[in-house]
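Source file my_file-v1.cif; content: mmCIF, C-alpha atoms, pLDDT in the B column; chains and numbers go by the auth columns.
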```
data_coords
loop_
_atom_site.group_PDB
_atom_site.id
_atom_site.type_symbol
_atom_site.label_atom_id
_atom_site.label_comp_id
_atom_site.label_asym_id
_atom_site.label_seq_id
_atom_site.Cartn_x
_atom_site.Cartn_y
_atom_site.Cartn_z
_atom_site.B_iso_or_equiv
_atom_site.auth_seq_id
_atom_site.auth_asym_id
ATOM 1 C CA MET A 1 -151.641 -97.449 -9.762 79.00 263 F
ATOM 2 C CA GLU A 2 -152.311 -100.934 -8.442 88.00 264 F
ATOM 3 C CA ILE A 3 -149.761 -103.703 -9.020 92.00 265 F
ATOM 4 C CA ASP A 4 -151.053 -107.204 -8.396 91.00 266 F
ATOM 5 C CA ASN A 5 -147.729 -108.959 -8.825 91.00 267 F
ATOM 6 C CA VAL A 6 -144.047 -108.450 -9.467 95.00 268 F
ATOM 7 C CA MET A 7 -142.523 -111.171 -11.632 95.00 269 F
ATOM 8 C CA ILE A 8 -138.749 -111.528 -11.518 97.00 270 F
ATOM 9 C CA ARG A 9 -136.827 -113.297 -14.270 96.00 271 F
ATOM 10 C CA ALA A 10 -133.921 -115.599 -13.509 95.00 272 F
ATOM 11 C CA PRO A 11 -131.091 -113.190 -14.553 94.00 273 F
ATOM 12 C CA ALA A 12 -132.454 -110.390 -12.359 96.00 274 F
ATOM 13 C CA PHE A 13 -132.954 -112.788 -9.446 96.00 275 F
ATOM 14 C CA THR A 14 -129.372 -114.016 -9.743 93.00 276 F
ATOM 15 C CA GLN A 15 -128.028 -110.462 -9.979 94.00 277 F
ATOM 16 C CA MET A 16 -129.897 -109.277 -6.892 94.00 278 F
ATOM 17 C CA LEU A 17 -128.851 -112.255 -4.783 94.00 279 F
ATOM 18 C CA GLY A 18 -125.264 -111.942 -5.983 91.00 280 F
ATOM 19 C CA TYR A 19 -125.066 -108.288 -4.987 90.00 281 F
ATOM 20 C CA ALA A 20 -126.710 -108.915 -1.606 91.00 282 F
ATOM 21 C CA ILE A 21 -124.436 -111.826 -0.729 91.00 283 F
ATOM 22 C CA GLU A 22 -121.289 -110.056 -1.951 88.00 284 F
ATOM 23 C CA VAL A 23 -121.553 -107.246 0.614 87.00 285 F
ATOM 24 C CA TYR A 24 -123.195 -109.220 3.457 89.00 286 F
ATOM 25 C CA LYS A 25 -123.444 -108.154 6.317 85.00 287 F
ATOM 26 C CA ARG A 26 -123.718 -104.690 4.916 87.00 288 F
ATOM 27 C CA GLU A 27 -126.766 -103.754 2.898 87.00 289 F
ATOM 28 C CA CYS A 28 -126.835 -103.312 -0.877 88.00 290 F
ATOM 29 C CA THR A 29 -129.054 -101.399 -3.289 89.00 291 F
ATOM 30 C CA GLY A 30 -129.616 -101.205 -7.012 90.00 292 F
ATOM 31 C CA VAL A 31 -131.906 -100.352 -9.910 90.00 293 F
ATOM 32 C CA LEU A 32 -134.543 -102.704 -11.352 94.00 294 F
ATOM 33 C CA MET A 33 -135.179 -102.771 -15.101 92.00 295 F
ATOM 34 C CA GLY A 34 -138.046 -104.354 -16.993 93.00 296 F
ATOM 35 C CA ASP A 35 -141.548 -104.029 -18.417 93.00 297 F
ATOM 36 C CA VAL A 36 -144.765 -102.497 -17.095 92.00 298 F
ATOM 37 C CA PHE A 37 -148.139 -103.992 -18.042 90.00 299 F
ATOM 38 C CA ARG A 38 -150.685 -101.498 -16.764 85.00 300 F
ATOM 39 C CA THR A 39 -153.805 -103.337 -17.963 85.00 301 F
ATOM 40 C CA ALA A 40 -152.650 -106.582 -16.359 84.00 302 F
ATOM 41 C CA ARG A 41 -151.413 -104.622 -13.315 91.00 303 F
ATOM 42 C CA LYS A 42 -148.053 -106.368 -13.249 93.00 304 F
ATOM 43 C CA VAL A 43 -144.387 -105.607 -13.746 95.00 305 F
ATOM 44 C CA VAL A 44 -141.704 -107.972 -15.026 96.00 306 F
ATOM 45 C CA VAL A 45 -138.152 -107.440 -13.778 97.00 307 F
ATOM 46 C CA ASN A 46 -135.646 -108.402 -16.475 95.00 308 F
ATOM 47 C CA SER A 47 -132.397 -107.210 -14.899 92.00 309 F
ATOM 48 C CA ALA A 48 -130.886 -105.529 -11.848 92.00 310 F
ATOM 49 C CA ILE A 49 -128.003 -103.043 -11.715 86.00 311 F
ATOM 50 C CA ALA A 50 -126.049 -102.609 -8.484 83.00 312 F
ATOM 51 C CA LEU A 51 -125.260 -99.113 -7.191 79.00 313 F
ATOM 52 C CA GLN A 52 -121.673 -99.906 -6.299 62.00 314 F
ATOM 53 C CA THR A 53 -120.752 -96.592 -4.683 56.00 315 F
ATOM 54 C CA ALA A 54 -123.774 -96.371 -2.367 57.00 316 F
ATOM 55 C CA ASP A 55 -123.008 -95.651 1.273 56.00 317 F
ATOM 56 C CA ARG A 56 -123.521 -99.010 2.973 49.00 318 F
ATOM 57 C CA SER A 57 -123.849 -99.875 6.633 58.00 319 F
ATOM 58 C CA TYR A 58 -125.142 -102.811 8.660 54.00 320 F
ATOM 59 C CA THR A 59 -128.533 -101.164 9.050 61.00 321 F
ATOM 60 C CA GLY A 60 -128.973 -98.997 5.960 60.00 322 F
ATOM 61 C CA VAL A 61 -127.847 -98.034 2.475 53.00 323 F
ATOM 62 C CA GLN A 62 -127.985 -94.683 0.679 61.00 324 F
ATOM 63 C CA PRO A 63 -127.380 -94.106 -3.060 56.00 325 F
ATOM 64 C CA LYS A 64 -125.121 -91.280 -4.174 50.00 326 F
ATOM 65 C CA TRP A 65 -127.582 -89.328 -6.234 53.00 327 F
ATOM 66 C CA HIS A 66 -125.189 -87.706 -8.709 46.00 328 F
ATOM 67 C CA ARG A 67 -123.916 -91.176 -9.604 54.00 329 F
ATOM 68 C CA TYR A 68 -127.438 -92.598 -9.694 59.00 330 F
ATOM 69 C CA ASP A 69 -128.285 -89.900 -12.249 64.00 331 F
ATOM 70 C CA ARG A 70 -125.356 -91.008 -14.408 62.00 332 F
ATOM 71 C CA ILE A 71 -126.720 -94.543 -14.518 64.00 333 F
ATOM 72 C CA ALA A 72 -130.258 -93.361 -15.234 65.00 334 F
ATOM 73 C CA GLU A 73 -129.014 -91.279 -18.166 66.00 335 F
ATOM 74 C CA VAL A 74 -127.145 -94.212 -19.720 66.00 336 F
ATOM 75 C CA ILE A 75 -130.046 -96.595 -19.136 67.00 337 F
ATOM 76 C CA SER A 76 -132.537 -94.252 -20.800 65.00 338 F
ATOM 77 C CA PHE A 77 -130.272 -93.995 -23.841 62.00 339 F
ATOM 78 C CA LEU A 78 -129.242 -97.610 -24.318 62.00 340 F
ATOM 79 C CA SER A 79 -131.791 -99.866 -22.641 69.00 341 F
ATOM 80 C CA LEU A 80 -135.075 -101.107 -24.077 76.00 342 F
ATOM 81 C CA ASP A 81 -136.395 -101.590 -20.534 83.00 343 F
ATOM 82 C CA TRP A 82 -138.031 -99.161 -18.160 87.00 344 F
ATOM 83 C CA ILE A 83 -136.632 -98.240 -14.771 88.00 345 F
ATOM 84 C CA LEU A 84 -139.145 -99.967 -12.498 93.00 346 F
ATOM 85 C CA GLY A 85 -137.747 -98.990 -9.123 91.00 347 F
ATOM 86 C CA GLU A 86 -135.082 -100.337 -6.827 92.00 348 F
ATOM 87 C CA PHE A 87 -134.070 -103.227 -4.610 94.00 349 F
ATOM 88 C CA HIS A 88 -132.103 -103.362 -1.388 93.00 350 F
ATOM 89 C CA SER A 89 -131.123 -105.901 1.253 93.00 351 F
ATOM 90 C CA HIS A 90 -131.656 -106.251 5.000 94.00 352 F
ATOM 91 C CA THR A 91 -129.202 -108.358 7.024 91.00 353 F
ATOM 92 C CA ASP A 92 -128.975 -109.944 10.457 89.00 354 F
ATOM 93 C CA HIS A 93 -126.941 -107.280 12.226 81.00 355 F
ATOM 94 C CA ARG A 94 -126.316 -108.209 15.886 79.00 356 F
ATOM 95 C CA ASN A 95 -128.169 -111.499 15.329 78.00 357 F
ATOM 96 C CA LYS A 96 -131.490 -109.710 14.835 84.00 358 F
ATOM 97 C CA LYS A 97 -133.512 -111.444 12.128 89.00 359 F
ATOM 98 C CA PRO A 98 -134.006 -109.075 9.183 93.00 360 F
ATOM 99 C CA SER A 99 -137.396 -108.414 7.626 93.00 361 F
ATOM 100 C CA TYR A 100 -138.635 -108.460 4.046 95.00 362 F
ATOM 101 C CA ARG A 101 -140.868 -105.529 5.023 95.00 363 F
ATOM 102 C CA LEU A 102 -139.961 -101.892 4.523 95.00 364 F
ATOM 103 C CA SER A 103 -138.413 -100.193 7.543 92.00 365 F
ATOM 104 C CA GLU A 104 -139.496 -96.691 8.545 93.00 366 F
ATOM 105 C CA PRO A 105 -136.511 -95.109 6.717 90.00 367 F
ATOM 106 C CA ASP A 106 -137.395 -97.279 3.693 92.00 368 F
ATOM 107 C CA ARG A 107 -140.960 -95.980 3.740 94.00 369 F
ATOM 108 C CA GLU A 108 -139.757 -92.381 3.909 91.00 370 F
ATOM 109 C CA TYR A 109 -137.470 -93.093 0.969 88.00 371 F
ATOM 110 C CA VAL A 110 -140.279 -94.640 -1.106 91.00 372 F
ATOM 111 C CA LEU A 111 -142.613 -91.744 -0.301 91.00 373 F
ATOM 112 C CA GLU A 112 -140.072 -89.086 -1.248 89.00 374 F
ATOM 113 C CA ASN A 113 -138.241 -90.679 -4.170 87.00 375 F
ATOM 114 C CA HIS A 114 -140.416 -93.235 -5.978 89.00 376 F
ATOM 115 C CA ASP A 115 -142.901 -92.376 -8.702 90.00 377 F
ATOM 116 C CA VAL A 116 -146.411 -93.809 -8.415 93.00 378 F
ATOM 117 C CA GLY A 117 -146.189 -97.462 -9.458 93.00 379 F
ATOM 118 C CA GLY A 118 -142.502 -97.644 -8.566 93.00 380 F
ATOM 119 C CA ILE A 119 -141.434 -100.866 -6.879 95.00 381 F
ATOM 120 C CA GLU A 120 -139.044 -101.616 -4.042 95.00 382 F
ATOM 121 C CA VAL A 121 -137.929 -105.214 -3.598 97.00 383 F
ATOM 122 C CA VAL A 122 -136.483 -106.138 -0.203 97.00 384 F
ATOM 123 C CA ILE A 123 -134.106 -109.100 0.194 96.00 385 F
ATOM 124 C CA ALA A 124 -133.831 -110.267 3.808 95.00 386 F
ATOM 125 C CA LEU A 125 -130.581 -112.196 4.164 93.00 387 F
ATOM 126 C CA TYR A 126 -129.348 -114.050 7.228 92.00 388 F
ATOM 127 C CA LYS A 127 -127.292 -117.103 8.179 88.00 389 F
ATOM 128 C CA LYS A 128 -129.269 -120.301 7.728 79.00 390 F
ATOM 129 C CA LYS A 129 -130.249 -122.714 10.489 77.00 391 F
ATOM 130 C CA ARG A 130 -131.504 -125.446 8.186 82.00 392 F
ATOM 131 C CA GLN A 131 -131.846 -126.157 4.484 85.00 393 F
ATOM 132 C CA LYS A 132 -135.215 -125.554 2.884 88.00 394 F
ATOM 133 C CA LYS A 133 -136.552 -125.366 -0.643 91.00 395 F
ATOM 134 C CA TRP A 134 -138.064 -122.259 -2.206 95.00 396 F
ATOM 135 C CA ASP A 135 -141.652 -121.676 -1.158 94.00 397 F
ATOM 136 C CA TYR A 136 -144.250 -118.889 -1.060 94.00 398 F
ATOM 137 C CA THR A 137 -145.979 -117.702 2.095 92.00 399 F
ATOM 138 C CA ASN A 138 -148.363 -114.916 3.097 84.00 400 F
ATOM 139 C CA LYS A 139 -150.727 -115.615 0.162 80.00 401 F
ATOM 140 C CA GLY A 140 -147.909 -115.554 -2.368 79.00 402 F
ATOM 141 C CA ARG A 141 -146.484 -112.281 -1.189 88.00 403 F
ATOM 142 C CA ILE A 142 -143.225 -113.653 0.218 95.00 404 F
ATOM 143 C CA LEU A 143 -140.694 -116.032 -1.297 96.00 405 F
ATOM 144 C CA LYS A 144 -138.502 -117.939 1.158 95.00 406 F
ATOM 145 C CA GLY A 145 -135.643 -120.384 0.684 94.00 407 F
ATOM 146 C CA THR A 146 -131.981 -121.088 1.335 92.00 408 F
ATOM 147 C CA LEU A 147 -128.990 -120.494 -0.874 89.00 409 F
ATOM 148 C CA GLY A 148 -125.551 -121.586 0.247 84.00 410 F
ATOM 149 C CA LYS A 149 -125.014 -120.334 3.787 87.00 411 F
ATOM 150 C CA TYR A 150 -128.021 -118.028 3.813 91.00 412 F
ATOM 151 C CA ASN A 151 -131.732 -117.913 4.478 93.00 413 F
ATOM 152 C CA ILE A 152 -133.446 -115.603 2.027 95.00 414 F
ATOM 153 C CA GLU A 153 -136.850 -113.913 2.215 96.00 415 F
ATOM 154 C CA ILE A 154 -138.037 -111.628 -0.572 97.00 416 F
ATOM 155 C CA GLY A 155 -140.902 -109.142 -0.534 97.00 417 F
ATOM 156 C CA ALA A 156 -142.001 -106.752 -3.285 97.00 418 F
ATOM 157 C CA HIS A 157 -143.620 -103.397 -2.531 97.00 419 F
ATOM 158 C CA PHE A 158 -145.057 -100.673 -4.752 96.00 420 F
ATOM 159 C CA LYS A 159 -146.103 -97.047 -4.396 95.00 421 F
ATOM 160 C CA LYS A 160 -149.875 -97.024 -4.898 94.00 422 F
ATOM 161 C CA ASN A 161 -150.382 -93.246 -5.001 94.00 423 F
ATOM 162 C CA GLU A 162 -148.619 -90.005 -4.120 95.00 424 F
ATOM 163 C CA ASN A 163 -149.313 -90.457 -0.405 94.00 425 F
ATOM 164 C CA ASN A 164 -148.469 -94.156 -0.232 94.00 426 F
ATOM 165 C CA ASP A 165 -145.188 -95.248 1.356 92.00 427 F
ATOM 166 C CA GLY A 166 -145.121 -98.810 0.032 93.00 428 F
ATOM 167 C CA THR A 167 -147.684 -101.621 -0.241 95.00 429 F
ATOM 168 C CA LEU A 168 -146.741 -105.293 -0.193 95.00 430 F
ATOM 169 C CA THR A 169 -147.790 -107.231 -3.301 95.00 431 F
ATOM 170 C CA GLU A 170 -147.281 -110.726 -4.754 94.00 432 F
ATOM 171 C CA VAL A 171 -143.845 -111.728 -5.978 95.00 433 F
ATOM 172 C CA TRP A 172 -143.366 -114.549 -8.506 93.00 434 F
ATOM 173 C CA ILE A 173 -139.975 -116.001 -9.414 95.00 435 F
ATOM 174 C CA PRO A 174 -140.552 -119.015 -11.715 94.00 436 F
ATOM 175 C CA ILE A 175 -136.931 -120.226 -11.726 94.00 437 F
ATOM 176 C CA THR A 176 -137.259 -121.279 -8.080 94.00 438 F
ATOM 177 C CA LYS A 177 -139.586 -124.125 -9.062 94.00 439 F
ATOM 178 C CA VAL A 178 -136.850 -125.428 -11.347 94.00 440 F
ATOM 179 C CA ALA A 179 -134.353 -125.216 -8.477 93.00 441 F
ATOM 180 C CA ASN A 180 -136.717 -127.252 -6.295 93.00 442 F
ATOM 181 C CA ILE A 181 -136.878 -129.972 -8.971 93.00 443 F
ATOM 182 C CA ALA A 182 -133.083 -130.069 -9.158 90.00 444 F
ATOM 183 C CA SER A 183 -132.982 -130.622 -5.401 89.00 445 F
ATOM 184 C CA ASP A 184 -135.676 -133.326 -5.530 90.00 446 F
ATOM 185 C CA ILE A 185 -133.856 -135.463 -8.098 88.00 447 F
ATOM 186 C CA GLY A 186 -130.371 -134.926 -6.712 82.00 448 F
ATOM 187 C CA LEU A 187 -128.966 -132.867 -9.565 81.00 449 F
ATOM 188 C CA SER A 188 -128.075 -130.299 -6.923 80.00 450 F
ATOM 189 C CA PRO A 189 -127.242 -131.625 -3.438 74.00 451 F
ATOM 190 C CA LEU A 190 -128.491 -128.474 -1.704 78.00 452 F
ATOM 191 C CA PRO A 191 -131.804 -126.615 -2.016 81.00 453 F
ATOM 192 C CA GLY A 192 -131.732 -123.315 -3.877 83.00 454 F
ATOM 193 C CA TYR A 193 -129.489 -124.333 -6.745 83.00 455 F
ATOM 194 C CA ILE A 194 -130.126 -125.773 -10.207 82.00 456 F
ATOM 195 C CA PHE A 195 -126.752 -127.361 -11.016 75.00 457 F
ATOM 196 C CA ASP A 196 -123.946 -128.612 -8.834 68.00 458 F
ATOM 197 C CA TYR A 197 -121.688 -130.097 -11.475 60.00 459 F
ATOM 198 C CA ILE A 198 -121.995 -130.499 -15.246 64.00 460 F
ATOM 199 C CA PRO A 199 -119.501 -133.143 -16.414 62.00 461 F
ATOM 200 C CA PRO A 200 -117.268 -132.182 -19.362 61.00 462 F
ATOM 201 C CA GLN A 201 -118.295 -135.384 -21.091 62.00 463 F
ATOM 202 C CA LEU A 202 -121.923 -134.275 -21.168 62.00 464 F
ATOM 203 C CA HIS A 203 -122.838 -133.138 -24.658 64.00 465 F
ATOM 204 C CA ALA A 204 -123.252 -129.350 -24.685 70.00 466 F
ATOM 205 C CA GLY A 205 -126.381 -129.678 -26.787 77.00 467 F
ATOM 206 C CA ARG A 206 -128.240 -131.310 -23.883 81.00 468 F
ATOM 207 C CA TYR A 207 -127.413 -128.436 -21.596 82.00 469 F
ATOM 208 C CA ARG A 208 -128.431 -125.783 -24.158 85.00 470 F
ATOM 209 C CA LYS A 209 -131.692 -127.632 -24.807 89.00 471 F
ATOM 210 C CA LEU A 210 -132.468 -127.661 -21.097 90.00 472 F
ATOM 211 C CA VAL A 211 -131.712 -123.945 -20.762 90.00 473 F
ATOM 212 C CA ARG A 212 -134.034 -123.160 -23.688 93.00 474 F
ATOM 213 C CA LEU A 213 -136.774 -125.237 -22.086 95.00 475 F
ATOM 214 C CA ILE A 214 -136.364 -123.464 -18.732 94.00 476 F
ATOM 215 C CA ARG A 215 -136.607 -120.085 -20.473 95.00 477 F
ATOM 216 C CA LYS A 216 -139.725 -121.240 -22.316 96.00 478 F
ATOM 217 C CA TYR A 217 -141.273 -122.259 -19.010 96.00 479 F
ATOM 218 C CA GLU A 218 -140.432 -118.906 -17.421 95.00 480 F
ATOM 219 C CA ASN A 219 -141.917 -117.018 -20.389 94.00 481 F
ATOM 220 C CA GLN A 220 -145.129 -119.046 -20.239 94.00 482 F
ATOM 221 C CA ILE A 221 -145.630 -118.366 -16.533 92.00 483 F
ATOM 222 C CA ILE A 222 -145.015 -114.651 -17.018 90.00 484 F
ATOM 223 C CA LYS A 223 -147.283 -114.423 -20.067 89.00 485 F
ATOM 224 C CA THR A 224 -150.219 -116.306 -18.584 88.00 486 F
ATOM 225 C CA GLU A 225 -149.794 -115.110 -14.975 83.00 487 F
ATOM 226 C CA ASP A 226 -150.745 -118.643 -14.010 83.00 488 F
ATOM 227 C CA PRO A 227 -148.202 -120.569 -11.893 77.00 489 F
ATOM 228 C CA ASP A 228 -149.824 -123.849 -12.970 82.00 490 F
ATOM 229 C CA ALA A 229 -149.676 -123.085 -16.689 85.00 491 F
ATOM 230 C CA GLY A 230 -146.215 -124.559 -17.089 90.00 492 F
ATOM 231 C CA GLU A 231 -146.783 -127.976 -15.500 92.00 493 F
ATOM 232 C CA GLU A 232 -146.277 -129.833 -18.794 93.00 494 F
ATOM 233 C CA LEU A 233 -143.027 -127.958 -19.352 95.00 495 F
ATOM 234 C CA LEU A 234 -141.945 -128.683 -15.786 94.00 496 F
ATOM 235 C CA ASP A 235 -142.454 -132.408 -16.437 95.00 497 F
ATOM 236 C CA ARG A 236 -140.185 -132.154 -19.480 95.00 498 F
ATOM 237 C CA ILE A 237 -137.628 -130.196 -17.480 95.00 499 F
ATOM 238 C CA ARG A 238 -137.688 -132.810 -14.733 94.00 500 F
ATOM 239 C CA ALA A 239 -137.134 -135.639 -17.257 94.00 501 F
ATOM 240 C CA MET A 240 -134.200 -133.826 -18.847 90.00 502 F
ATOM 241 C CA MET A 241 -132.698 -133.052 -15.453 90.00 503 F
ATOM 242 C CA GLU A 242 -132.990 -136.689 -14.421 89.00 504 F
ATOM 243 C CA GLU A 243 -131.065 -137.641 -17.549 85.00 505 F
ATOM 244 C CA ILE A 244 -128.345 -135.101 -16.765 82.00 506 F
ATOM 245 C CA ALA A 245 -128.228 -136.220 -13.120 81.00 507 F
ATOM 246 C CA ALA A 246 -127.742 -139.835 -14.214 81.00 508 F
ATOM 247 C CA LEU A 247 -124.917 -138.840 -16.547 76.00 509 F
ATOM 248 C CA SER A 248 -123.345 -136.732 -13.815 68.00 510 F
ATOM 249 C CA LYS A 249 -123.188 -139.819 -11.554 67.00 511 F
ATOM 250 C CA ILE A 250 -121.579 -141.846 -14.331 57.00 512 F
ATOM 251 C CA TYR A 251 -118.917 -139.252 -15.090 53.00 513 F
ATOM 252 C CA GLY A 252 -118.578 -137.587 -11.664 53.00 514 F
#
```

Would you write the structure of this file as structure tokens?
Amino acid sequence: MEIDNVMIRAPAFTQMLGYAIEVYKRECTGVLMGDVFRTARKVVVNSAIALQTADRSYTGVQPKWHRYDRIAEVISFLSLDWILGEFHSHTDHRNKKPSYRLSEPDREYVLENHDVGGIEVVIALYKKKRQKKWDYTNKGRILKGTLGKYNIEIGAHFKKNENNDGTLTEVWIPITKVANIASDIGLSPLPGYIFDYIPPQLHAGRYRKLVRLIRKYENQIIKTEDPDAGEELLDRIRAMMEEIAALSKIYG
């Protein structure tokens, strides 16, 4: 099964980064949930569930399978999403820059444990040297940016057939464009974030309206598979953010 791109929604992106940063410099792992669109050859990741009892080290992470099975049983009973695969992090142990690519143990794991079409998202996490906005490299296959104290690089891989040990594919995370806008207009003082401070005096309706618009933008990108399809929505998001940024300066 070919997968042309892996699209990650904002909640799943936040969950994965949160888990990775929480246990840094040890590695983390977890389960990815979402939808599979076989005709379009894409998957959409809606949420991520951390495997909290996995055996973590600075250079590897191993799930405890009997506990993994517990989670899988509950997910299959309660969730409307499919189990798409897993994610894990790589960190800068001994100052060695981590890679978004699968390591040899990762490839053995994918080969032995993933079903065909299963995905493995790798989050490379290391201490930042300079601030930079979110951007895609390697023909859209890698997302890079900074968040807080960390440089982040994300690669998505999938198991093409029974003998495949992981093939790099495109990764799309629409919310990162919104974060770049927030940085451009000064709503967030650092790249990687959307909000720094929402003043209590700001009417809650404005904030909810902005959130709905951001979700609409994300849905349009995912539905059309066209990163340029949401430009009109991005313009509206920018205008609303500029309004909120101006109010933040008044009340801050």

Exercise. Quick one: of F:Leu496, F:Val268, F:Leu294, F:Ile476, who's nearest to F:Gly417, counting all atoms listed in the file?
Worked result: F:Val268

For this session: List the neighbours of F:Gln482 out to 12 Å using all atoms listed in the file; skip same-chain residues closer than 5 positions along the sequence, and give me the result as a ChimeraX atom specification.
Result: /F:269,271,436-437,475-477,487-496

So that I have them on file, write out the residues from the current selection with C-alpha atoms, as a PDB file, in the frame of the given file.
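That gives us out-v2.pdb:
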```pdb
ATOM      1  CA  MET F 269    -142.523-111.171 -11.632  1.00 95.00           C
ATOM      2  CA  ARG F 271    -136.827-113.297 -14.270  1.00 96.00           C
ATOM      3  CA  PRO F 436    -140.552-119.015 -11.715  1.00 94.00           C
ATOM      4  CA  ILE F 437    -136.931-120.226 -11.726  1.00 94.00           C
ATOM      5  CA  LEU F 475    -136.774-125.237 -22.086  1.00 95.00           C
ATOM      6  CA  ILE F 476    -136.364-123.464 -18.732  1.00 94.00           C
ATOM      7  CA  ARG F 477    -136.607-120.085 -20.473  1.00 95.00           C
ATOM      8  CA  GLU F 487    -149.794-115.110 -14.975  1.00 83.00           C
ATOM      9  CA  ASP F 488    -150.745-118.643 -14.010  1.00 83.00           C
ATOM     10  CA  PRO F 489    -148.202-120.569 -11.893  1.00 77.00           C
ATOM     11  CA  ASP F 490    -149.824-123.849 -12.970  1.00 82.00           C
ATOM     12  CA  ALA F 491    -149.676-123.085 -16.689  1.00 85.00           C
ATOM     13  CA  GLY F 492    -146.215-124.559 -17.089  1.00 90.00           C
ATOM     14  CA  GLU F 493    -146.783-127.976 -15.500  1.00 92.00           C
ATOM     15  CA  GLU F 494    -146.277-129.833 -18.794  1.00 93.00           C
ATOM     16  CA  LEU F 495    -143.027-127.958 -19.352  1.00 95.00           C
ATOM     17  CA  LEU F 496    -141.945-128.683 -15.786  1.00 94.00           C
TER      18      LEU F 496
END
```

Exercise. With only C-alpha atoms as the basis for distance, which of F:Met503, F:Val285, F:Leu509, F:Val372 is at the shortest distance from F:Ser450?
Worked result: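 Under the stated criterion, the closest residue is F:Met503.
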
For this session: Take the point (-134.7, -107.6, -15.7) as written in the file and pick out every residue within 9 Å of it, counting all atoms listed in the file; give the list as a PyMOL selection string.
Result: chain F and resi 270-275+294-297+306-310+343

Exercise. For the atom pair atom CA of F:Phe349 and atom CA of F:Val473, what is the interatomic distance in Å to one decimal place?
Worked result: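 Between atom CA of F:Phe349 and atom CA of F:Val473 the gap is 26.4 Å.
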
For this session: Tell me which residues the PyMOL selection byres ((chain F and resi 409) around 12) grabs here, as a count of residues only.
Result: 35

For this session: Counting only C-alpha atoms, find the residues whose atoms lie at most 9 Å from (-130.2, -137.4, -23.9) (file coordinates) and write them out as a VMD selection string.
Result: chain F and resid 465 468 502 505 to 506

For this session: Can you give me, as a VMD selection string, the residues this file yields under the PyMOL selection byres ((chain F and resi 350-357) around 7)?
Result: chain F and resid 282 287 to 292 320 348 to 349 358 to 361 383 to 388

Problem set entry | Distance of atom CA of F:Glu480 from atom CA of F:Lys439, expressed in Å to one decimal place |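 It comes out at 9.9 Å.
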
Exercise. Restricting the calculation to all atoms listed in the file, which member of F:Tyr479, F:Tyr281, F:Phe299, F:Tyr469 is positioned closest to F:Gly379?
Worked result: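 Looking only at the distances to F:Gly379, the closest residue turns out to be F:Phe299.
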
Problem set entry | atom CA of F:Glu264 to atom CA of F:Ile483, distance in Å rounded to a single decimal |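 Computed distance, atom CA of F:Glu264 to atom CA of F:Ile483, equals 20.3 Å.
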
Problem set entry | Counting all atoms listed in the file, the option among F:Ile311, F:Leu472, F:Thr486, F:Thr431 closest to F:Ala501 | F:Leu472

For this session: With a distance cut-off of 12 Å and all atoms listed in the file, select the neighbouring residues of F:His376, excluding the residue or stretch itself and same-chain residues fewer than 2 positions from it, and output the selection as a PyMOL selection string.
Result: chain F and resi 293+345-349+368-374+378-382+419-428

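Counting only C-alpha atoms, F:Ile265 has the following residues at most 6 Å away, ignoring those fewer than 2 positions along the same chain: Asn267, Arg303 and Lys304 of chain F.
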
File output, stretch 471-481 of chain F (N, CA and C atoms) as a CSV table (one decimal), in the first residue's frame:
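As a result, decode24.csv now contains:
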```
chain,number,residue,atom,x,y,z
F,471,LYS,N,-14.2,32.3,17.9
F,471,LYS,CA,-14.4,32.5,16.4
F,471,LYS,C,-13.1,32.2,15.7
F,472,LEU,N,-12.0,32.7,16.3
F,472,LEU,CA,-10.7,32.4,15.7
F,472,LEU,C,-10.4,30.9,15.7
F,473,VAL,N,-10.7,30.2,16.8
F,473,VAL,CA,-10.4,28.8,16.8
F,473,VAL,C,-11.2,28.0,15.8
F,474,ARG,N,-12.5,28.4,15.6
F,474,ARG,CA,-13.4,27.8,14.6
F,474,ARG,C,-12.8,28.0,13.2
F,475,LEU,N,-12.3,29.2,13.0
F,475,LEU,CA,-11.7,29.5,11.7
F,475,LEU,C,-10.4,28.7,11.4
F,476,ILE,N,-9.6,28.6,12.4
F,476,ILE,CA,-8.4,27.7,12.3
F,476,ILE,C,-8.8,26.3,12.0
F,477,ARG,N,-9.8,25.8,12.7
F,477,ARG,CA,-10.2,24.4,12.4
F,477,ARG,C,-10.8,24.2,11.0
F,478,LYS,N,-11.5,25.3,10.5
F,478,LYS,CA,-12.0,25.2,9.2
F,478,LYS,C,-10.9,25.2,8.2
F,479,TYR,N,-9.9,26.0,8.4
F,479,TYR,CA,-8.7,26.0,7.5
F,479,TYR,C,-8.0,24.6,7.5
F,480,GLU,N,-7.8,24.0,8.7
F,480,GLU,CA,-7.2,22.7,8.7
F,480,GLU,C,-8.0,21.7,8.0
F,481,ASN,N,-9.3,21.7,8.2
F,481,ASN,CA,-10.2,20.8,7.5
F,481,ASN,C,-10.1,20.9,6.0
```
